[in-house]
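Beneath this line is the structure, given in structure tokens, with notes to follow.
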Amino acid sequence: MSAPLVEVSSISRSYSMRSGMFGRAAAVHAVDGVSLTIPKGETLGLVGESGSGKSTTGRIVLGLEAPDRGDVRFDGKPMATPGTQAWRAQRSRMQMIFQDPLGALDRRLPVATQIREPLDIHGLGTPAERDDRVRELLRAVELTPAHGARYPGALSGGQRQRVVLARALATKPDFLVCDEPVSALDVSIQAQVVNLLADLQAQLSLTLLFISHDLRVVRQISNTVAVMYLGRIVEIGSADDLFAHPEHPYTQALVSASPAPGRRSAGRIVLAGDPPNPAARPQGCAFHPRCPRAIARCAAEVPALSAVGGDRQVACHLVTGPQAATQDAA
Amino acid sequence: MAPLVSIQGLNVAFGGVPVLRGVDLALGKGEALGLVGESGSGKSVTWLAALGLLPRHAKVTGSVRLDGRELLGAPASELDEVRGGRVAMIFQDPASALNPVLTIRKQLCETLALHRDLSGEAVKAEALRLLNLVGIPDAVRRLSAYPHEFSGGQVQRIMIAMALAGNPDVLIADEPTTALDATIQAQILELLSTIRREMNMAMVLISHDLGVVAENCDRVAVMYAGRIVEQAPASQLFADPMHPYAQGLIGALPPLDGPRRRLTAIPGTVPDPAHLPDGCAFAPRCPLAAEPCRLAVPGLAVIADDRAVACVRAEASRRALLGIAAE
């Protein structure tokens with residue numbers, strides 16, 4: 001494994017939220033003690049349901065938001081103070097892609113102009129070189145110069161996401177945060193974009209943080225996958241192994257809930273109860289009210305993320321070691 | 001056995017632009033039919049047209065029969081009995097389908113009063129029974145709650161309860177779980193299949209998610225650019241798809257287990273309905289397209305018991321998939 005590009009150590013972020021006009025302000029722990037390491041050139045997949053804190057984690061890693069506690073190191077150095085020269089230089093090496101490409105693009109500008117913008121902002125190359133670079137970027141995402149002259153409204157959803165990708169790559173970043181980048185696309189177009197992302201990653205040795213609720217897409221592109229539940233990582237491990245042998249009861253339910261062609265729903269784990277509310281986090285293990293295997297200890301004590309053999313780490317009182325884990329899985 | 005719903009040669013055009021081009025579809029009593037396809041393929045429009053729910057400027061031709069009775073062009077009074085009564089519909093965004101300023105009891109009772117000959121206490125008792133049926137905990141108290149007091153999954157359960165209020169023979173579920181989280185999606189799908197079995201109700205499940213359709217339906221119809229391109233029992237379609245588009249859709253789905261493979265993306269995009277190519281609408285994206293494909297629109301041909309495919313290259317495409325050398 002190569003040296004880590006991104007190191008996140010126990011970051012936490014909470015927001016204050018008022019319920020109703022006269023309600024008391026309550027702290028919502030969006031992210032609570034999350035640690036992650038992403039080696040150079042690899043992809044870390046972050047999965048979880050809405051409210052699990054996966055997008056907030058992505059924003060903190062990018063420096064778009066400061067953590068209340070903990071820190072993020074990029075290429076061995078701590079994140080620079082926002083607004084400084086060092087911060088600008090660091091930020092040009094990290095870029096992001098979001099779910100809604102139309103919202104990320106300016107409808108009143110031709111897309112080539114928008115791909116060129118980061119080059120102008122960061123002052124990269126002469127004007128002529130910038131034009132060449134825009135053509136090169138369009139080609140890299142499999143679009144033509146003719147597409148570049150169009151406005152976002154005249155492109156399809158898949159083409160728009162390619163434009164966003166081209167713009168993100170303009171400054172030759174080392175690190176990309178992709179937050180649900182293909183969730184709004186139809187399955188055939190989704191496959192095009194996922195393949196393209198994998199190709200570009202290999203060509204440019206990009207490091208990715210890939211955030212999605214779609215387990216299939218995450219497995220396809222990730223080396224390591226972390227599963228989040230109410231602001232904490234409940235399980236982390238290598239992608240293929242994690243989905244083949246999930247250990248945490250929540251991961252097991254998630255994997256089992258993912259429908260597959262050619263399989264009938266027999267034996268599916270259907271979780272009772274509602275999705276968790278981040279503002280009313282249960283005591284102990286946050287998952288225990290919905291957990292089919294919860295014991296008394298789960299309601300009292302927060303389980304720590306601990307190694308259970310191999311590169312797997314699980315935060316569950318019932319999963320303790322390699323032997324216990326195999327018994328549970330059987 | 002005569003089908004419960006029979007759609008024949010259904011065409012829909014908006015301002016001269018065809019969005020449905022000759023859809024034939026039959027739905028048996030108690031059957032679960034899946035309808036898959038990408039956005040704009042006409043999955044939802046088919047059922048909106050069948051129930052007379054499209055705006056007035058839509059031009060609808062063809063035939064839609066429910067138990068032999070023609071629905072297209074039927075008087076509004078007759079359609080009002082069918083909609084919400086014999087055929088109910090639930091949608092992707094349940095929150096916008098409920099009235100935010102009325103309690104759940106008011107909205108459930110309204111539907112019950114419309115479609116069932118119930119009054120007074122009987123209506124309230126039935127509303128409570130429905131809420132219990134769809135698994136809303138503490139139903140007695142929750143009847144007095146407003147929609148915003150429920151979570152997304154619970155609101156979809158309430159929508160299902162309202163759909164069941166008229167004791168329908170058919171439930172059209174249009175992307176019922178797309179807006180929900182994975183674990184909640186599993187709950188709702190399980191609820192739908194339990195209710196369907198218990199009430200012997202037919203269901204049309206419209207979804208872009210092949211997995212959801214595969215697991216919850218007996219038979220699946222794949223739509224592309226306003227036409228049905230393949231129809232087969234669910235298990236057969238996913239094991240042995242024949243239309244190159246159906247093959248493409250299945251190949252584009254990343255596997256959740258086994259070795260990773262490069263996804264077989266379908267090149268290009270869905271055609272603009274205003275500028276459809278000549279012949280088969282899928283030909284410009286099809287790896288097997290040949291001369292005949294561009295000459296005429298292939299009809300949906302029955303090729304086996306309960307299987308039909310609209311492709312002149314179906315044999316070749318099947319051979320290609322099975323890895324048998326072509327002629």
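Identifiers for the structure tokens are assigned positionally: chains receive A, B, ... in sequence, residues are indexed from 1 per chain, and ligands are indexed from 1 in the order shown.
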
Output as a tab-separated table one row per residue of chain B within 9 Å of chain A: the closest atom pair and its distance in Å to one decimal place, counting only C-alpha atoms, sorted by chain and residue number ascending.
residue	atom	partner	partner_atom	distance
B:Gly37	CA	A:Asp186	CA	8.9
B:Glu38	CA	A:Asp186	CA	5.8
B:Ser39	CA	A:Asp186	CA	6.9
B:Ser151	CA	A:Asp274	CA	7.3
B:Gly152	CA	A:Asp274	CA	8.8
B:Gly153	CA	A:Asp274	CA	7.3
B:Gln154	CA	A:Asp274	CA	8.1
B:Asp181	CA	A:Glu49	CA	5.8
B:Ala182	CA	A:Ala257	CA	6.1
B:Thr183	CA	A:Ala257	CA	5.9
B:Ile184	CA	A:Pro275	CA	7.2
B:Gln185	CA	A:Ala257	CA	7.7
B:Ala186	CA	A:Ala257	CA	5.6
B:Gln187	CA	A:Val270	CA	6.0
B:Glu190	CA	A:Val270	CA	8.2
B:His208	CA	A:Asp186	CA	7.6
B:Asp209	CA	A:Val187	CA	8.2
B:Leu210	CA	A:Pro261	CA	6.5
B:Gly211	CA	A:Ala260	CA	4.4
B:Val212	CA	A:Pro259	CA	5.5
B:Val213	CA	A:Pro261	CA	7.9
B:Ala214	CA	A:Pro261	CA	5.0
B:Glu215	CA	A:Arg264	CA	4.8
B:Asn216	CA	A:Arg264	CA	7.5
B:Ala234	CA	A:Gly262	CA	7.9
B:Ser235	CA	A:Gly262	CA	5.8
B:Gln236	CA	A:Gly262	CA	8.5
B:Leu237	CA	A:Gly262	CA	8.9
B:Phe238	CA	A:Gly262	CA	6.0
B:Ala239	CA	A:Gly262	CA	6.7
B:Gly248	CA	A:Ser188	CA	7.3
B:Leu249	CA	A:Ser188	CA	6.0
B:Ile250	CA	A:Pro261	CA	8.4
B:Gly251	CA	A:Ser188	CA	8.7
B:Ala252	CA	A:Ala191	CA	5.3
B:Leu253	CA	A:Val187	CA	6.8
B:Pro254	CA	A:Arg216	CA	5.3
B:Pro255	CA	A:Arg216	CA	6.1
B:Leu256	CA	A:Arg216	CA	5.3
B:Asp257	CA	A:Ala244	CA	6.3
B:Gly258	CA	A:Asp240	CA	8.0
B:Pro259	CA	A:Asp240	CA	8.2
B:Arg260	CA	A:Gln220	CA	6.6
B:Arg261	CA	A:Gln220	CA	8.1
B:Arg262	CA	A:Asn195	CA	7.0
B:Leu263	CA	A:Ala191	CA	5.9
B:Thr264	CA	A:Ala191	CA	7.0
B:Ala265	CA	A:Ala191	CA	5.0
B:Ile266	CA	A:Ser188	CA	5.4
B:Pro267	CA	A:Gln192	CA	7.4
B:Gly268	CA	A:Ile189	CA	8.1
B:Thr269	CA	A:Ile189	CA	7.4

Original post:
Where in range 48-215 of chain A does DSSP assign strand (DSSP E or B), given as a list in words?
Top reply: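 Restricting range 48-215 of chain A to strand (DSSP E or B) produces Arg69, Gly70, Asp71, Val72, Arg73, Phe74, Lys77, Pro78, Met94, Gln95, Met96, Ile97, Phe175, Leu176, Val177, Cys178, Asp179, Thr207, Leu208, Leu209, Phe210 and Ile211 of chain A.
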
Next, dump the selected residues to file, keeping only N, CA and C atoms, as a PDB file, in the first residue's frame.
ATOM      1  N   ARG A  69     -13.912  19.106  16.071  1.00  0.00           N
ATOM      2  CA  ARG A  69     -12.765  18.418  16.669  1.00  0.00           C
ATOM      3  C   ARG A  69     -12.109  17.562  15.596  1.00  0.00           C
ATOM      4  N   GLY A  70     -10.869  17.179  15.841  1.00  0.00           N
ATOM      5  CA  GLY A  70     -10.159  16.306  14.912  1.00  0.00           C
ATOM      6  C   GLY A  70      -9.528  17.104  13.791  1.00  0.00           C
ATOM      7  N   ASP A  71      -8.735  16.452  12.944  1.00  0.00           N
ATOM      8  CA  ASP A  71      -8.121  17.183  11.843  1.00  0.00           C
ATOM      9  C   ASP A  71      -7.970  16.328  10.604  1.00  0.00           C
ATOM     10  N   VAL A  72      -7.750  17.032   9.490  1.00  0.00           N
ATOM     11  CA  VAL A  72      -7.589  16.392   8.196  1.00  0.00           C
ATOM     12  C   VAL A  72      -6.204  16.748   7.694  1.00  0.00           C
ATOM     13  N   ARG A  73      -5.455  15.759   7.266  1.00  0.00           N
ATOM     14  CA  ARG A  73      -4.143  16.008   6.672  1.00  0.00           C
ATOM     15  C   ARG A  73      -4.190  15.578   5.214  1.00  0.00           C
ATOM     16  N   PHE A  74      -3.623  16.460   4.354  1.00  0.00           N
ATOM     17  CA  PHE A  74      -3.603  16.181   2.928  1.00  0.00           C
ATOM     18  C   PHE A  74      -2.154  16.104   2.488  1.00  0.00           C
ATOM     19  N   LYS A  77       0.419  17.062   5.069  1.00  0.00           N
ATOM     20  CA  LYS A  77       0.390  18.388   5.690  1.00  0.00           C
ATOM     21  C   LYS A  77      -1.014  18.708   6.198  1.00  0.00           C
ATOM     22  N   PRO A  78      -1.129  19.439   7.297  1.00  0.00           N
ATOM     23  CA  PRO A  78      -2.467  19.820   7.756  1.00  0.00           C
ATOM     24  C   PRO A  78      -3.114  20.791   6.771  1.00  0.00           C
ATOM     25  N   MET A  94      -7.481  19.435  -5.004  1.00  0.00           N
ATOM     26  CA  MET A  94      -8.646  18.636  -4.630  1.00  0.00           C
ATOM     27  C   MET A  94      -9.910  19.235  -5.237  1.00  0.00           C
ATOM     28  N   GLN A  95     -10.751  18.398  -5.810  1.00  0.00           N
ATOM     29  CA  GLN A  95     -11.944  18.882  -6.492  1.00  0.00           C
ATOM     30  C   GLN A  95     -13.136  18.024  -6.110  1.00  0.00           C
ATOM     31  N   MET A  96     -14.321  18.479  -6.522  1.00  0.00           N
ATOM     32  CA  MET A  96     -15.507  17.726  -6.128  1.00  0.00           C
ATOM     33  C   MET A  96     -16.518  17.628  -7.269  1.00  0.00           C
ATOM     34  N   ILE A  97     -17.333  16.591  -7.192  1.00  0.00           N
ATOM     35  CA  ILE A  97     -18.427  16.394  -8.153  1.00  0.00           C
ATOM     36  C   ILE A  97     -19.666  16.061  -7.343  1.00  0.00           C
ATOM     37  N   PHE A 175      -6.920  14.609  -5.998  1.00  0.00           N
ATOM     38  CA  PHE A 175      -7.953  14.041  -5.152  1.00  0.00           C
ATOM     39  C   PHE A 175      -9.322  14.559  -5.568  1.00  0.00           C
ATOM     40  N   LEU A 176     -10.279  13.638  -5.726  1.00  0.00           N
ATOM     41  CA  LEU A 176     -11.641  14.020  -6.099  1.00  0.00           C
ATOM     42  C   LEU A 176     -12.609  13.491  -5.056  1.00  0.00           C
ATOM     43  N   VAL A 177     -13.518  14.338  -4.599  1.00  0.00           N
ATOM     44  CA  VAL A 177     -14.625  13.872  -3.768  1.00  0.00           C
ATOM     45  C   VAL A 177     -15.846  13.807  -4.668  1.00  0.00           C
ATOM     46  N   CYS A 178     -16.434  12.623  -4.826  1.00  0.00           N
ATOM     47  CA  CYS A 178     -17.607  12.453  -5.670  1.00  0.00           C
ATOM     48  C   CYS A 178     -18.787  12.142  -4.757  1.00  0.00           C
ATOM     49  N   ASP A 179     -19.745  13.061  -4.679  1.00  0.00           N
ATOM     50  CA  ASP A 179     -20.892  12.873  -3.798  1.00  0.00           C
ATOM     51  C   ASP A 179     -22.104  12.499  -4.643  1.00  0.00           C
ATOM     52  N   THR A 207      -6.914   9.916  -6.623  1.00  0.00           N
ATOM     53  CA  THR A 207      -7.397   9.341  -5.380  1.00  0.00           C
ATOM     54  C   THR A 207      -8.846   9.806  -5.217  1.00  0.00           C
ATOM     55  N   LEU A 208      -9.753   8.878  -4.889  1.00  0.00           N
ATOM     56  CA  LEU A 208     -11.173   9.248  -4.835  1.00  0.00           C
ATOM     57  C   LEU A 208     -11.790   8.964  -3.475  1.00  0.00           C
ATOM     58  N   LEU A 209     -12.653   9.890  -3.054  1.00  0.00           N
ATOM     59  CA  LEU A 209     -13.595   9.595  -1.971  1.00  0.00           C
ATOM     60  C   LEU A 209     -14.952   9.545  -2.652  1.00  0.00           C
ATOM     61  N   PHE A 210     -15.557   8.354  -2.698  1.00  0.00           N
ATOM     62  CA  PHE A 210     -16.766   8.150  -3.484  1.00  0.00           C
ATOM     63  C   PHE A 210     -17.941   7.926  -2.537  1.00  0.00           C
ATOM     64  N   ILE A 211     -18.844   8.906  -2.479  1.00  0.00           N
ATOM     65  CA  ILE A 211     -19.957   8.860  -1.544  1.00  0.00           C
ATOM     66  C   ILE A 211     -21.221   8.459  -2.287  1.00  0.00           C
TER      67      ILE A 211
END

**OP:** For Pro173 in chain A, please output as a PyMOL selection string all residues within 12 Å (counting only C-alpha atoms; exclusion window: fewer than 3 positions along the same chain).
**Re:** chain A and resi 5+41+89-96+118-119+165-170+176-177+200-201+204-208

Original post:
Residues at most 12 Å from Ala95 in chain B, counting only C-alpha atoms, excluding those fewer than 4 positions away in the same chain, as number ranges by chain?
Top reply: B: 90-91, 99-100, 146-159, 176, 179-180

Contacts of range 231-236 of chain A within 8 Å, only C-alpha atoms, excl. fewer than 6 positions in-chain, as a PDB file with N, CA and C atoms, in the first residue's frame:
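This went into around07.pdb:
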ATOM      1  N   HIS A  29     -25.442  15.759  15.970  1.00  0.00           N
ATOM      2  CA  HIS A  29     -24.080  15.303  15.686  1.00  0.00           C
ATOM      3  C   HIS A  29     -24.049  14.666  14.304  1.00  0.00           C
ATOM      4  N   ALA A  30     -23.735  15.486  13.302  1.00  0.00           N
ATOM      5  CA  ALA A  30     -23.736  14.994  11.928  1.00  0.00           C
ATOM      6  C   ALA A  30     -22.599  14.005  11.715  1.00  0.00           C
ATOM      7  N   VAL A  31     -21.438  14.334  12.244  1.00  0.00           N
ATOM      8  CA  VAL A  31     -20.279  13.451  12.145  1.00  0.00           C
ATOM      9  C   VAL A  31     -19.676  13.359  13.539  1.00  0.00           C
ATOM     10  N   ASP A  32     -19.382  12.137  13.968  1.00  0.00           N
ATOM     11  CA  ASP A  32     -18.976  11.941  15.354  1.00  0.00           C
ATOM     12  C   ASP A  32     -17.778  10.985  15.424  1.00  0.00           C
ATOM     13  N   GLY A  33     -16.592  11.558  15.455  1.00  0.00           N
ATOM     14  CA  GLY A  33     -15.390  10.744  15.624  1.00  0.00           C
ATOM     15  C   GLY A  33     -15.067   9.845  14.445  1.00  0.00           C
ATOM     16  N   VAL A  34     -15.032  10.418  13.241  1.00  0.00           N
ATOM     17  CA  VAL A  34     -14.749   9.612  12.053  1.00  0.00           C
ATOM     18  C   VAL A  34     -13.273   9.700  11.687  1.00  0.00           C
ATOM     19  N   GLY A  51     -28.832  11.191   6.189  1.00  0.00           N
ATOM     20  CA  GLY A  51     -28.640  11.561   7.582  1.00  0.00           C
ATOM     21  C   GLY A  51     -27.511  10.804   8.258  1.00  0.00           C
ATOM     22  N   SER A  52     -26.767   9.996   7.504  1.00  0.00           N
ATOM     23  CA  SER A  52     -25.701   9.222   8.133  1.00  0.00           C
ATOM     24  C   SER A  52     -24.422  10.048   8.284  1.00  0.00           C
ATOM     25  N   GLY A  53     -24.371  11.212   7.639  1.00  0.00           N
ATOM     26  CA  GLY A  53     -23.205  12.082   7.781  1.00  0.00           C
ATOM     27  C   GLY A  53     -22.166  11.882   6.700  1.00  0.00           C
ATOM     28  N   LYS A  54     -22.495  11.157   5.641  1.00  0.00           N
ATOM     29  CA  LYS A  54     -21.482  10.890   4.638  1.00  0.00           C
ATOM     30  C   LYS A  54     -21.136  12.137   3.822  1.00  0.00           C
ATOM     31  N   THR A 224     -11.677   0.244  -0.808  1.00  0.00           N
ATOM     32  CA  THR A 224     -12.111   0.081   0.575  1.00  0.00           C
ATOM     33  C   THR A 224     -13.477   0.740   0.714  1.00  0.00           C
ATOM     34  N   VAL A 225     -14.325   0.175   1.569  1.00  0.00           N
ATOM     35  CA  VAL A 225     -15.650   0.757   1.771  1.00  0.00           C
ATOM     36  C   VAL A 225     -15.882   0.972   3.262  1.00  0.00           C
ATOM     37  N   LEU A 242     -16.175  -6.983   2.106  1.00  0.00           N
ATOM     38  CA  LEU A 242     -17.202  -6.379   2.955  1.00  0.00           C
ATOM     39  C   LEU A 242     -18.606  -6.727   2.465  1.00  0.00           C
ATOM     40  N   GLU A 247     -20.264  -7.970   8.425  1.00  0.00           N
ATOM     41  CA  GLU A 247     -20.268  -8.421   9.818  1.00  0.00           C
ATOM     42  C   GLU A 247     -21.236  -7.633  10.682  1.00  0.00           C
ATOM     43  N   HIS A 248     -21.280  -6.317  10.492  1.00  0.00           N
ATOM     44  CA  HIS A 248     -22.159  -5.503  11.316  1.00  0.00           C
ATOM     45  C   HIS A 248     -23.621  -5.759  10.912  1.00  0.00           C
ATOM     46  N   THR A 251     -24.806  -3.399   8.219  1.00  0.00           N
ATOM     47  CA  THR A 251     -24.267  -3.688   6.888  1.00  0.00           C
ATOM     48  C   THR A 251     -24.974  -4.907   6.300  1.00  0.00           C
ATOM     49  N   PRO A 278     -31.102  12.105  13.154  1.00  0.00           N
ATOM     50  CA  PRO A 278     -29.821  12.546  13.725  1.00  0.00           C
ATOM     51  C   PRO A 278     -30.015  13.451  14.951  1.00  0.00           C
ATOM     52  N   LEU A 305     -15.023   1.150  17.199  1.00  0.00           N
ATOM     53  CA  LEU A 305     -14.624   0.493  15.957  1.00  0.00           C
ATOM     54  C   LEU A 305     -13.348  -0.291  16.248  1.00  0.00           C
ATOM     55  N   ARG A 312     -10.527  -5.739   8.337  1.00  0.00           N
ATOM     56  CA  ARG A 312     -11.884  -5.336   8.694  1.00  0.00           C
ATOM     57  C   ARG A 312     -11.942  -4.750  10.087  1.00  0.00           C
ATOM     58  N   GLN A 313     -12.709  -3.667  10.211  1.00  0.00           N
ATOM     59  CA  GLN A 313     -12.995  -3.091  11.519  1.00  0.00           C
ATOM     60  C   GLN A 313     -14.507  -2.961  11.653  1.00  0.00           C
ATOM     61  N   VAL A 314     -15.021  -3.333  12.813  1.00  0.00           N
ATOM     62  CA  VAL A 314     -16.464  -3.319  13.041  1.00  0.00           C
ATOM     63  C   VAL A 314     -16.739  -2.677  14.397  1.00  0.00           C
ATOM     64  N   ALA A 315     -17.805  -1.864  14.460  1.00  0.00           N
ATOM     65  CA  ALA A 315     -18.214  -1.271  15.736  1.00  0.00           C
ATOM     66  C   ALA A 315     -19.500  -1.949  16.182  1.00  0.00           C
ATOM     67  N   CYS A 316     -19.346  -3.107  16.863  1.00  0.00           N
ATOM     68  CA  CYS A 316     -20.522  -3.850  17.318  1.00  0.00           C
ATOM     69  C   CYS A 316     -20.106  -4.732  18.489  1.00  0.00           C
TER      70      CYS A 316
END

**OP:** Give me the residues within 7 Å of Arg86 in chain B as a ChimeraX atom specification, counting only C-alpha atoms and dropping any in the same chain fewer than 3 places off.
**Re:** /B:82-83,166-170

**OP:** Grab the CA of Asp218 in chain B to CA of Ile188 in chain B distance for me, in Å with one decimal place.
**Re:** 17.9 Å

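Distance-wise, CA of Ile172 in chain B and CA of Ala88 in chain B end up 6.1 Å apart.
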
**OP:** Write out as a ChimeraX atom specification each polymer residue whose atoms come within 7 Å of range 118-134 of chain B, counting only C-alpha atoms; drop sequence neighbours fewer than 2 positions from it.
**Re:** /B:105,108-109,112-113,116,136,139-140,157-158,161,191

**OP:** Rank B:Ala225, B:Leu114, B:Leu79, B:Leu171 by their smallest atom-to-atom distance to Ala274 in chain B, using only C-alpha atoms, and report the top residue only.
**Re:** B:Ala225
